[in-house]
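Shown below: protein29.tsv, with TSV, C-alpha atoms.
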chain	number	residue	atom	x	y	z
A	90	MET	CA	-11.77	41.64	24.12
A	91	SER	CA	-11.05	42.55	27.70
A	92	ASP	CA	-7.29	42.11	27.72
A	93	PRO	CA	-5.40	42.22	24.46
A	94	ALA	CA	-2.33	40.63	26.02
A	95	ASN	CA	-4.23	37.52	27.01
A	96	ILE	CA	-6.49	35.12	25.19
A	97	THR	CA	-9.15	32.89	26.69
A	98	LEU	CA	-9.82	29.48	25.19
A	99	VAL	CA	-12.90	27.39	25.96
A	100	THR	CA	-12.85	23.64	25.45
A	101	MET	CA	-15.73	21.34	24.55
A	102	ASP	CA	-16.91	20.99	28.16
A	103	GLY	CA	-16.71	24.68	29.03
A	104	THR	CA	-13.38	24.69	30.81
A	105	THR	CA	-11.56	27.98	30.21
A	106	PHE	CA	-7.86	28.65	29.87
A	107	THR	CA	-6.46	32.16	29.84
A	108	VAL	CA	-2.93	32.49	28.55
A	109	PRO	CA	-0.79	35.28	27.08
A	110	SER	CA	-1.61	35.63	23.38
A	111	ALA	CA	2.09	35.53	22.62
A	112	TYR	CA	2.15	31.84	23.55
A	113	LEU	CA	-0.06	31.05	20.58
A	114	HIS	CA	1.73	33.00	17.91
A	115	ARG	CA	2.47	29.77	16.02
A	116	SER	CA	-1.14	28.66	15.93
A	117	LYS	CA	-2.61	29.69	12.61
A	118	LEU	CA	-6.13	29.05	13.88
A	119	VAL	CA	-5.69	31.38	16.85
A	120	GLN	CA	-4.04	34.08	14.75
A	121	ASP	CA	-6.89	33.97	12.24
A	122	TRP	CA	-9.41	34.15	15.05
A	123	LEU	CA	-7.65	37.13	16.64
A	124	ARG	CA	-7.80	38.96	13.34
A	125	SER	CA	-11.45	38.27	12.59
A	126	GLU	CA	-13.17	37.80	15.92
A	127	GLY	CA	-10.65	39.12	18.41
A	128	ASP	CA	-13.24	41.36	20.01
A	129	LYS	CA	-15.13	38.41	21.45
A	130	GLN	CA	-14.64	37.22	24.98
A	131	ALA	CA	-13.31	33.75	24.41
A	132	MET	CA	-12.34	31.46	21.57
A	133	GLU	CA	-14.09	28.11	21.44
A	134	VAL	CA	-11.88	25.17	20.78
A	135	LYS	CA	-14.32	22.35	20.17
A	136	HIS	CA	-13.19	18.75	19.87
A	137	VAL	CA	-10.32	19.32	22.27
A	138	THR	CA	-10.48	18.10	25.85
A	139	PRO	CA	-9.18	20.25	28.74
A	140	PHE	CA	-6.39	17.78	29.42
A	141	VAL	CA	-5.16	17.90	25.84
A	142	LEU	CA	-5.51	21.66	25.57
A	143	GLN	CA	-3.51	22.05	28.77
A	144	GLY	CA	-0.75	19.92	27.22
A	145	VAL	CA	-0.83	21.93	24.02
A	146	LEU	CA	-0.64	25.20	25.96
A	147	ASN	CA	2.30	23.84	27.93
A	148	PHE	CA	4.02	23.09	24.66
A	149	CYS	CA	3.27	26.59	23.42
A	150	GLU	CA	4.54	28.14	26.63
A	151	ILE	CA	7.78	26.19	26.49
A	152	HIS	CA	8.32	27.23	22.89
A	153	ALA	CA	6.96	30.77	23.17
A	154	GLU	CA	10.45	32.23	23.15
A	155	ASP	CA	11.69	30.10	20.23
A	156	THR	CA	12.95	32.23	17.42
A	157	SER	CA	13.19	29.54	14.75
A	158	GLU	CA	11.50	30.10	11.40
A	159	PRO	CA	7.90	28.92	11.30
A	160	LEU	CA	7.70	25.45	9.81
A	161	ALA	CA	6.12	25.65	6.36
A	162	ASP	CA	5.59	21.93	5.84
A	163	PRO	CA	5.44	19.81	8.98
A	164	ALA	CA	6.07	16.67	6.93
A	165	ASP	CA	9.21	17.81	5.17
A	166	PRO	CA	11.51	14.82	5.71
A	167	THR	CA	14.50	16.76	4.46
A	168	LYS	CA	14.40	18.99	7.52
A	169	PRO	CA	16.24	17.02	10.18
A	170	PHE	CA	14.22	16.57	13.31
A	171	GLU	CA	16.05	17.49	16.48
A	172	ALA	CA	14.63	15.98	19.59
A	173	ASP	CA	14.13	18.75	22.11
A	174	PRO	CA	14.51	17.60	25.73
A	175	ARG	CA	11.76	20.03	26.68
A	176	ASP	CA	9.30	17.90	24.68
A	177	ASP	CA	10.02	14.64	26.48
A	178	ALA	CA	6.47	14.59	27.86
A	179	PHE	CA	5.19	13.87	24.36
A	180	ARG	CA	7.56	10.99	23.83
A	181	GLY	CA	6.50	9.19	26.97
A	182	MET	CA	2.72	9.43	26.59
A	183	PRO	CA	0.39	6.51	25.74
A	184	ASP	CA	-0.68	5.98	22.13
A	185	ASP	CA	-4.24	7.24	22.54
A	186	GLN	CA	-3.09	10.46	24.19
A	187	LEU	CA	-0.52	11.02	21.50
A	188	LEU	CA	-3.27	10.56	18.94
A	189	GLN	CA	-5.39	13.20	20.62
A	190	PHE	CA	-2.50	15.62	20.77
A	191	THR	CA	-1.85	15.02	17.10
A	192	MET	CA	-5.48	15.89	16.39
A	193	ALA	CA	-5.29	18.99	18.58
A	194	ALA	CA	-2.12	20.13	16.84
A	195	ASP	CA	-3.94	19.77	13.54
A	196	ILE	CA	-7.05	21.58	14.77
A	197	LEU	CA	-5.08	24.49	16.22
A	198	GLN	CA	-2.76	24.43	13.20
A	199	ILE	CA	0.52	24.49	15.03
A	200	PRO	CA	3.02	23.07	12.52
A	201	GLU	CA	5.78	22.57	15.10
A	202	LEU	CA	3.51	20.43	17.25
A	203	VAL	CA	2.24	18.52	14.22
A	204	ARG	CA	5.83	17.76	13.35
A	205	LEU	CA	6.62	16.62	16.87
A	206	THR	CA	3.61	14.34	17.23
A	207	ALA	CA	3.77	12.97	13.68
A	208	GLN	CA	7.45	12.20	14.15
A	209	GLU	CA	6.66	10.37	17.36
A	210	MET	CA	3.83	8.46	15.65
A	211	ALA	CA	6.15	7.49	12.83
A	212	SER	CA	8.76	6.15	15.20
A	213	ARG	CA	6.09	4.11	17.00
A	214	ILE	CA	4.88	2.60	13.72
A	215	ASP	CA	8.44	1.56	12.94
A	216	GLY	CA	8.72	-2.23	13.01
A	217	LYS	CA	5.04	-2.92	13.70
A	218	SER	CA	2.73	-5.26	11.80
A	219	PRO	CA	-0.50	-3.98	10.20
A	220	ASP	CA	-2.47	-5.51	13.09
A	221	GLN	CA	-0.32	-3.82	15.68
A	222	ILE	CA	-0.66	-0.50	13.89
A	223	ARG	CA	-4.41	-0.96	13.69
A	224	ALA	CA	-4.57	-1.60	17.42
A	225	MET	CA	-2.46	1.47	18.03
A	226	PHE	CA	-4.67	3.78	16.08
A	227	ASN	CA	-8.34	3.24	15.68
A	228	PRO	CA	-9.49	-0.27	16.43
A	229	ASP	CA	-13.16	0.57	15.91
A	230	ASP	CA	-12.89	2.24	12.57
A	231	LEU	CA	-10.07	0.38	10.92
A	232	ALA	CA	-10.61	-3.26	11.76
A	233	GLU	CA	-11.53	-5.63	8.96
A	234	GLU	CA	-12.98	-2.94	6.77
A	235	ASP	CA	-11.58	-4.58	3.67
A	236	VAL	CA	-13.70	-7.69	3.93
A	237	ASP	CA	-16.95	-5.82	3.47
A	238	SER	CA	-15.69	-3.72	0.65
A	239	ASP	CA	-14.78	-6.68	-1.54
A	240	ASN	CA	-18.31	-7.55	-2.52
A	241	GLU	CA	-17.42	-7.09	-6.11
A	242	MET	CA	-14.83	-9.81	-5.83
A	243	GLY	CA	-17.11	-12.19	-3.96
A	244	GLU	CA	-16.67	-13.25	-0.40
A	245	VAL	CA	-13.34	-14.72	0.44
A	246	GLY	CA	-13.92	-17.69	2.67
A	247	GLU	CA	-11.49	-19.50	4.86
A	248	GLU	CA	-9.95	-21.09	1.85
A	249	GLY	CA	-8.72	-17.74	0.70
A	250	ALA	CA	-7.22	-16.73	4.01
A	251	ILE	CA	-3.51	-16.38	4.02
A	252	SER	CA	-1.65	-17.80	6.93
A	253	LYS	CA	1.28	-15.66	7.88
B	101	MET	CA	-13.35	7.10	24.44
B	102	THR	CA	-12.91	6.06	20.84
B	103	SER	CA	-9.73	7.35	19.37
B	104	PRO	CA	-10.22	10.16	16.92
B	105	THR	CA	-9.70	9.57	13.23
B	106	LEU	CA	-6.70	11.39	11.95
B	107	PRO	CA	-7.16	13.62	8.93
B	108	PHE	CA	-5.58	12.74	5.61
B	109	GLU	CA	-2.77	15.31	5.78
B	110	ILE	CA	-1.64	14.16	9.20
B	111	ILE	CA	-1.48	10.52	8.17
B	112	ALA	CA	0.42	11.50	5.05
B	113	ALA	CA	2.80	13.52	7.23
B	114	ILE	CA	3.37	10.53	9.50
B	115	PHE	CA	4.07	8.29	6.49
B	116	LYS	CA	6.58	10.73	5.10
B	117	LEU	CA	8.36	10.82	8.45
B	118	LEU	CA	8.69	7.05	8.76
B	119	PRO	CA	12.32	6.09	9.12
B	120	GLU	CA	14.13	5.27	5.90
B	121	GLU	CA	14.99	1.63	5.63
B	122	ASP	CA	17.78	-0.23	3.97
B	123	ALA	CA	17.99	-1.05	0.35
B	124	ILE	CA	18.60	-4.63	-0.67
B	125	GLY	CA	20.24	-4.75	-4.04
B	126	HIS	CA	18.38	-2.23	-6.14
B	127	CYS	CA	15.15	-2.68	-4.19
B	128	LEU	CA	14.32	-0.12	-1.57
B	129	ILE	CA	12.72	-1.88	1.35
B	130	ARG	CA	9.98	0.10	3.01
B	131	THR	CA	8.33	-2.46	5.23
B	132	ASP	CA	6.79	0.06	7.60
B	133	LEU	CA	5.09	2.00	4.87
B	134	PHE	CA	3.88	-1.19	3.29
B	135	ASN	CA	2.47	-2.41	6.58
B	136	CYS	CA	0.70	0.92	6.90
B	137	SER	CA	-0.84	0.40	3.48
B	138	LEU	CA	-2.48	-2.75	4.84
B	139	VAL	CA	-4.05	-1.08	7.85
B	140	SER	CA	-7.14	0.18	6.06
B	141	ARG	CA	-8.36	1.32	2.68
B	142	ASP	CA	-7.91	4.96	3.56
B	143	TRP	CA	-4.39	4.32	4.73
B	144	ARG	CA	-3.69	2.31	1.62
B	145	ALA	CA	-4.85	5.14	-0.60
B	146	ILE	CA	-2.51	7.49	1.24
B	147	ALA	CA	0.45	5.14	1.43
B	148	LEU	CA	0.55	3.85	-2.13
B	149	PRO	CA	1.49	7.08	-3.87
B	150	ILE	CA	4.31	7.54	-1.39
B	151	LEU	CA	5.39	3.92	-1.54
B	152	TRP	CA	5.40	3.62	-5.27
B	153	LYS	CA	5.59	6.46	-7.67
B	154	GLU	CA	3.69	4.35	-10.11
B	155	VAL	CA	2.00	1.02	-9.73
B	156	ARG	CA	0.42	-0.65	-12.70
B	157	PHE	CA	-0.71	-3.94	-14.04
B	158	GLY	CA	0.62	-4.78	-17.40
B	159	LEU	CA	0.48	-1.72	-19.52
B	160	GLU	CA	-3.05	-0.57	-18.99
B	161	ARG	CA	-3.96	-0.48	-15.34
B	162	SER	CA	-2.50	2.11	-13.03
B	163	PHE	CA	-3.20	2.85	-9.40
B	164	ASP	CA	-3.92	6.52	-9.31
B	165	THR	CA	-7.18	6.64	-7.47
B	166	TYR	CA	-8.94	5.07	-4.57
B	167	ASP	CA	-10.97	2.85	-6.90
B	168	ASP	CA	-7.86	1.61	-8.66
B	169	VAL	CA	-6.42	0.51	-5.37
B	170	SER	CA	-9.48	-1.44	-4.38
B	171	ILE	CA	-9.67	-3.40	-7.62
B	172	LEU	CA	-7.46	-6.00	-6.02
B	173	ASN	CA	-8.76	-7.82	-3.03
B	174	LYS	CA	-7.09	-8.06	0.31
B	175	GLU	CA	-5.52	-11.45	-0.33
B	176	ILE	CA	-3.62	-10.20	-3.32
B	177	TRP	CA	-2.37	-7.20	-1.39
B	178	LEU	CA	-1.28	-9.43	1.45
B	179	ASN	CA	0.66	-11.56	-0.97
B	180	ILE	CA	2.30	-8.57	-2.50
B	181	ALA	CA	3.13	-7.36	0.97
B	182	ASP	CA	4.73	-10.68	1.80
B	183	LEU	CA	6.74	-10.53	-1.37
B	184	LEU	CA	7.97	-7.08	-0.59
B	185	VAL	CA	8.78	-7.85	2.98
B	186	ASP	CA	10.70	-11.01	2.19
B	187	GLU	CA	14.33	-10.34	2.28
B	188	TYR	CA	15.07	-11.32	-1.27
B	189	ASN	CA	11.63	-10.97	-2.72
B	190	GLU	CA	11.60	-14.58	-3.72
B	191	ILE	CA	8.51	-15.92	-5.34
B	192	ASP	CA	8.10	-19.55	-4.57
B	193	ASP	CA	5.44	-22.14	-5.16
B	194	GLU	CA	3.73	-21.54	-1.85
B	195	ARG	CA	3.21	-17.88	-2.54
B	196	VAL	CA	1.99	-18.49	-6.06
B	197	CYS	CA	-0.54	-21.01	-4.76
B	198	ALA	CA	-1.83	-18.39	-2.34
B	199	LEU	CA	-1.95	-15.82	-5.10
B	200	ALA	CA	-3.75	-18.29	-7.34
B	201	LYS	CA	-6.37	-18.85	-4.64
B	202	ALA	CA	-6.96	-15.14	-4.43
B	203	LEU	CA	-7.18	-15.00	-8.20
B	204	LYS	CA	-10.08	-17.44	-8.22
B	205	MET	CA	-12.14	-14.85	-6.37
B	206	ASN	CA	-11.10	-11.97	-8.55
B	207	THR	CA	-13.22	-10.96	-11.48
B	208	SER	CA	-11.61	-7.74	-12.56
B	209	LEU	CA	-7.92	-8.46	-12.83
B	210	ARG	CA	-6.82	-8.39	-16.44
B	211	ASN	CA	-3.08	-8.79	-16.35
B	212	LEU	CA	-1.08	-10.75	-13.90
B	213	LYS	CA	2.34	-9.37	-14.50
B	214	LEU	CA	2.82	-6.89	-11.72
B	215	TYR	CA	5.11	-3.97	-12.18
B	216	VAL	CA	6.14	-1.68	-9.43
B	217	ASP	CA	7.93	1.35	-10.66
B	218	ASN	CA	9.69	2.97	-7.79
B	219	ALA	CA	12.24	5.67	-8.21
B	220	MET	CA	14.39	2.70	-9.12
B	221	HIS	CA	12.11	0.38	-11.05
B	222	ILE	CA	11.24	-2.60	-8.92
B	223	PHE	CA	9.71	-5.42	-10.85
B	224	MET	CA	7.88	-7.81	-8.67
B	225	CYS	CA	5.93	-10.95	-9.04
B	226	SER	CA	7.01	-12.97	-11.96
B	227	SER	CA	9.96	-10.88	-12.96
B	228	ILE	CA	12.05	-10.98	-9.84
B	229	ALA	CA	13.97	-13.92	-8.33
B	230	ASN	CA	11.51	-16.37	-9.74
B	231	ASP	CA	10.74	-19.72	-8.37
B	232	ILE	CA	7.42	-20.75	-9.78
B	233	GLY	CA	7.69	-24.48	-10.24
B	234	GLU	CA	5.40	-27.25	-11.44
B	235	LYS	CA	3.20	-26.94	-8.38
B	236	GLY	CA	2.83	-23.20	-8.78
B	237	ALA	CA	1.94	-23.61	-12.44
B	238	SER	CA	-0.73	-26.17	-11.67
B	239	ALA	CA	-2.21	-23.88	-9.00
B	240	LEU	CA	-2.34	-21.09	-11.56
B	241	ALA	CA	-3.94	-23.46	-14.02
B	242	GLU	CA	-6.57	-24.36	-11.46
B	243	ALA	CA	-7.28	-20.70	-10.87
B	244	LEU	CA	-7.64	-20.12	-14.59
B	245	GLU	CA	-10.31	-22.80	-14.76
B	246	ILE	CA	-12.48	-20.56	-12.62
B	247	ASN	CA	-11.22	-17.11	-13.46
B	248	THR	CA	-12.77	-15.79	-16.63
B	249	SER	CA	-11.32	-12.32	-16.78
B	250	LEU	CA	-7.55	-12.68	-16.86
B	251	GLN	CA	-6.27	-11.75	-20.30
B	252	ASN	CA	-2.51	-11.69	-19.91
B	253	LEU	CA	-0.45	-14.10	-17.91
B	254	ASP	CA	3.28	-13.65	-17.75
B	255	ILE	CA	5.25	-16.27	-15.87
B	256	SER	CA	8.44	-15.93	-17.83
B	257	ASP	CA	11.79	-16.78	-16.22
B	258	ASN	CA	10.51	-19.46	-13.94
B	259	HIS	CA	10.85	-23.21	-14.10
B	260	ILE	CA	7.45	-24.69	-14.53
B	261	LEU	CA	9.01	-27.38	-16.77
B	262	SER	CA	7.02	-29.64	-19.04
B	263	ASN	CA	4.68	-30.76	-16.29
B	264	GLY	CA	3.75	-27.18	-15.48
B	265	ALA	CA	3.16	-26.53	-19.16
B	266	ILE	CA	0.95	-29.63	-19.35
B	267	SER	CA	-1.19	-28.33	-16.45
B	268	LEU	CA	-1.55	-24.97	-18.13
B	269	ALA	CA	-2.27	-26.60	-21.50
B	270	GLU	CA	-5.15	-28.53	-19.93
B	271	VAL	CA	-6.83	-25.31	-18.90
B	272	LEU	CA	-6.02	-23.57	-22.17
B	273	LYS	CA	-8.37	-25.99	-23.88
B	274	MET	CA	-11.33	-24.44	-22.07
B	275	ASN	CA	-10.20	-20.94	-21.15
B	276	VAL	CA	-11.82	-18.20	-23.20
B	277	SER	CA	-10.37	-15.06	-21.66
B	278	LEU	CA	-6.61	-15.45	-21.88
B	279	GLN	CA	-5.15	-13.58	-24.83
B	280	SER	CA	-1.47	-13.58	-24.01
B	281	LEU	CA	0.59	-16.24	-22.35
B	282	ASN	CA	4.29	-15.79	-21.76
B	283	LEU	CA	6.16	-18.96	-20.85
B	284	GLU	CA	9.60	-17.79	-21.88
B	285	HIS	CA	12.57	-19.33	-20.07
B	286	ASN	CA	10.75	-22.09	-18.28
B	287	GLY	CA	12.61	-25.27	-19.08
B	288	ILE	CA	9.73	-26.62	-21.13
B	289	ALA	CA	10.66	-29.61	-23.32
B	290	ASP	CA	8.87	-31.57	-26.05
B	291	ASP	CA	6.21	-33.07	-23.77
B	292	GLY	CA	5.12	-29.66	-22.58
B	293	ALA	CA	5.13	-28.22	-26.08
B	294	SER	CA	3.06	-31.11	-27.42
B	295	ALA	CA	0.47	-30.61	-24.68
B	296	ILE	CA	0.27	-26.91	-25.51
B	297	ALA	CA	-0.06	-27.80	-29.19
B	298	GLU	CA	-3.02	-30.05	-28.38
B	299	ALA	CA	-4.60	-27.22	-26.42
B	300	LEU	CA	-4.08	-24.76	-29.28
B	301	LYS	CA	-6.23	-26.94	-31.50
B	302	MET	CA	-9.16	-26.28	-29.17
B	303	ASN	CA	-8.40	-22.80	-27.88
B	304	THR	CA	-10.13	-19.97	-29.68
B	305	ASN	CA	-8.87	-16.90	-27.89
B	306	LEU	CA	-5.14	-16.95	-27.31
B	307	GLN	CA	-3.44	-14.43	-29.56
B	308	ASN	CA	0.10	-14.31	-28.24
B	309	LEU	CA	2.13	-17.23	-27.05
B	310	ASN	CA	5.75	-16.89	-26.07
B	311	LEU	CA	7.71	-20.12	-25.73
B	312	ALA	CA	11.15	-18.68	-26.44
B	313	PHE	CA	14.21	-19.93	-24.56
B	314	ASN	CA	12.86	-23.34	-23.71
B	315	TYR	CA	14.12	-26.83	-24.58
B	316	ILE	CA	11.58	-27.67	-27.22
B	317	GLY	CA	13.02	-29.97	-29.87
B	318	ASP	CA	11.88	-31.04	-33.33
B	319	LYS	CA	9.05	-33.13	-31.98
B	320	GLY	CA	7.55	-30.30	-29.98
B	321	ILE	CA	7.97	-27.78	-32.76
B	322	GLY	CA	6.35	-30.23	-35.17
B	323	ALA	CA	3.34	-30.59	-32.91
B	324	LEU	CA	3.00	-26.82	-32.55
B	325	VAL	CA	3.18	-26.28	-36.29
B	326	GLU	CA	0.61	-29.00	-36.81
B	327	SER	CA	-1.75	-27.29	-34.35
B	328	LEU	CA	-1.55	-24.02	-36.25
B	329	LYS	CA	-3.37	-25.65	-39.13
B	330	THR	CA	-6.55	-25.68	-37.08
B	331	ASN	CA	-5.99	-22.79	-34.70
B	332	ARG	CA	-7.67	-19.57	-35.85
B	333	SER	CA	-6.82	-17.13	-33.07
B	334	LEU	CA	-3.05	-17.19	-32.53
B	335	GLN	CA	-1.30	-14.22	-34.07
B	336	ASN	CA	2.14	-14.33	-32.49
B	337	LEU	CA	4.09	-17.40	-31.56
B	338	ASP	CA	7.62	-16.94	-30.32
B	339	LEU	CA	9.83	-20.00	-30.55
B	340	SER	CA	13.17	-18.24	-30.73
B	341	CYS	CA	16.39	-19.47	-29.16
B	342	MET	CA	15.63	-23.13	-28.61
Could you write out this structure as structure tokens?
Amino acid sequence: MSDPANITLVTMDGTTFTVPSAYLHRSKLVQDWLRSEGDKQAMEVKHVTPFVLQGVLNFCEIHAEDTSEPLADPADPTKPFEADPRDDAFRGMPDDQLLQFTMAADILQIPELVRLTAQEMASRIDGKSPDQIRAMFNPDDLAEEDVDSDNEMGEVGEEGAISK
Amino acid sequence: MTSPTLPFEIIAAIFKLLPEEDAIGHCLIRTDLFNCSLVSRDWRAIALPILWKEVRFGLERSFDTYDDVSILNKEIWLNIADLLVDEYNEIDDERVCALAKALKMNTSLRNLKLYVDNAMHIFMCSSIANDIGEKGASALAEALEINTSLQNLDISDNHILSNGAISLAEVLKMNVSLQSLNLEHNGIADDGASAIAEALKMNTNLQNLNLAFNYIGDKGIGALVESLKTNRSLQNLDLSCM
């Protein structure tokens, strides 16, 4: 490792980001990597696009100085969620971007970012119908999957359709 | 670019963070979570344990695994969703007809009484704000003509009246799967009881029949008693509190 104060991350397409290691102290993935393979030149972060990684690093930079206790369970509903004005960028972004940031937060194992994105997802689901939620998330993978899986029950024709 | 598929833990985290909704009476309304459970099978498997601590059919079937969840087809889930989302969880004829249609397609459902045990026991389907009338009963009867797996049917505390009982009696003559039928509190009078009595003479499988809290008079009781002379399967007949 050339510079112990900095860490270089490489995304799926080869774009590199060099940031102070201190920024990523909340990322369990990065910390584990530093311990085991910290002598290598750069850490590969596959499955994350440069745009998303940039956003994640911005988040980390903003919160680098935070002294709050690390979040043990990002989904603990008993811990009140306080909207931080510094994170407004996440609240304004389109659904598909938010989804990618949620994935990235999970990949890099940053509980604070998981909490932020999951909270935002939850508030967007609020008041939506199953179809709207499906459209919001993964139209390709989620649509109409139930119909095929009901072979055991026999095909449900138009007669069985429920009009809302 | 196709959106990525979120991992299980993240979806579970999102579900847990969904805003709490109001309670109506003793029923906690969690429309958002329920809508999520209808998004896909994976989502349903994640949402159900959060939505209901325990979901079971009758006393034997519980929803603890992915396979348990998929035993019911989509139509039934949609109906349950509608029931839950409705402000007062009313079950009316229209909904029962839809449920009956779904039942025709279903080969694995054994008990129709649906319990939902939340932190505060929510009983759905036939045991909450019931409004299954004559039409609903005849739709159920129609479904039973085709369905050969249902063993327990509980439509107590409704008002199917004598005509509803007559529809059900018609199908009882042929049905070979039903073992328990609960028609308690349904406003059934002599005509309905007589029709059921006729059916009992032909039915060979029904073991439990509950007709308590109806308006069956001497004539109806007489017919039922008469039918027991030939019926070989019935083990429990409840005629209390007429």
Check your understanding: Neighbours of region 186-189 of chain A within 10 Å (all atoms listed in the file; same-chain residues fewer than 3 positions away dropped), as a list of chain:residue names?
Key -> A:His136, A:Val137, A:Thr138, A:Phe140, A:Val141, A:Leu142, A:Phe179, A:Arg180, A:Gly181, A:Met182, A:Pro183, A:Met192, A:Ala193, A:Ala194, A:Asp195, A:Thr206, A:Ala207, A:Glu209, A:Met210, A:Met225, A:Phe226, A:Asn227, B:Ser103, B:Pro104, B:Thr105, B:Leu106
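The space separating CA of Pro219 (chain A) from CA of Asp165 (chain A) comes to 24.4 Å.
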Point to revise | Expected answer as a VMD selection string: all residues with atoms within 10 Å of (-2.7, -21.4, -23.9), only C-alpha atoms | key: chain B and resid 253 265 268 to 276 278 to 283 295 to 300 302 to 310 334
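As for CA of Gly292 (chain B) and CA of Ser277 (chain B), they are spaced 21.3 Å apart.
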Check your understanding: What does the distance from CA of Arg223 (chain A) to CA of Ile196 (chain A) come to in Å, to one decimal?
Key -> 22.7 Å
Could you give me the centre and size, in Å to one decimal, of an axis-aligned box around all listed atoms of region 275-293 of chain B with 4 Å added on every side, as AutoDock Vina command-line options?
--center_x 0.4 --center_y -23.3 --center_z -22.2 --size_x 32.4 --size_y 27.5 --size_z 15.8
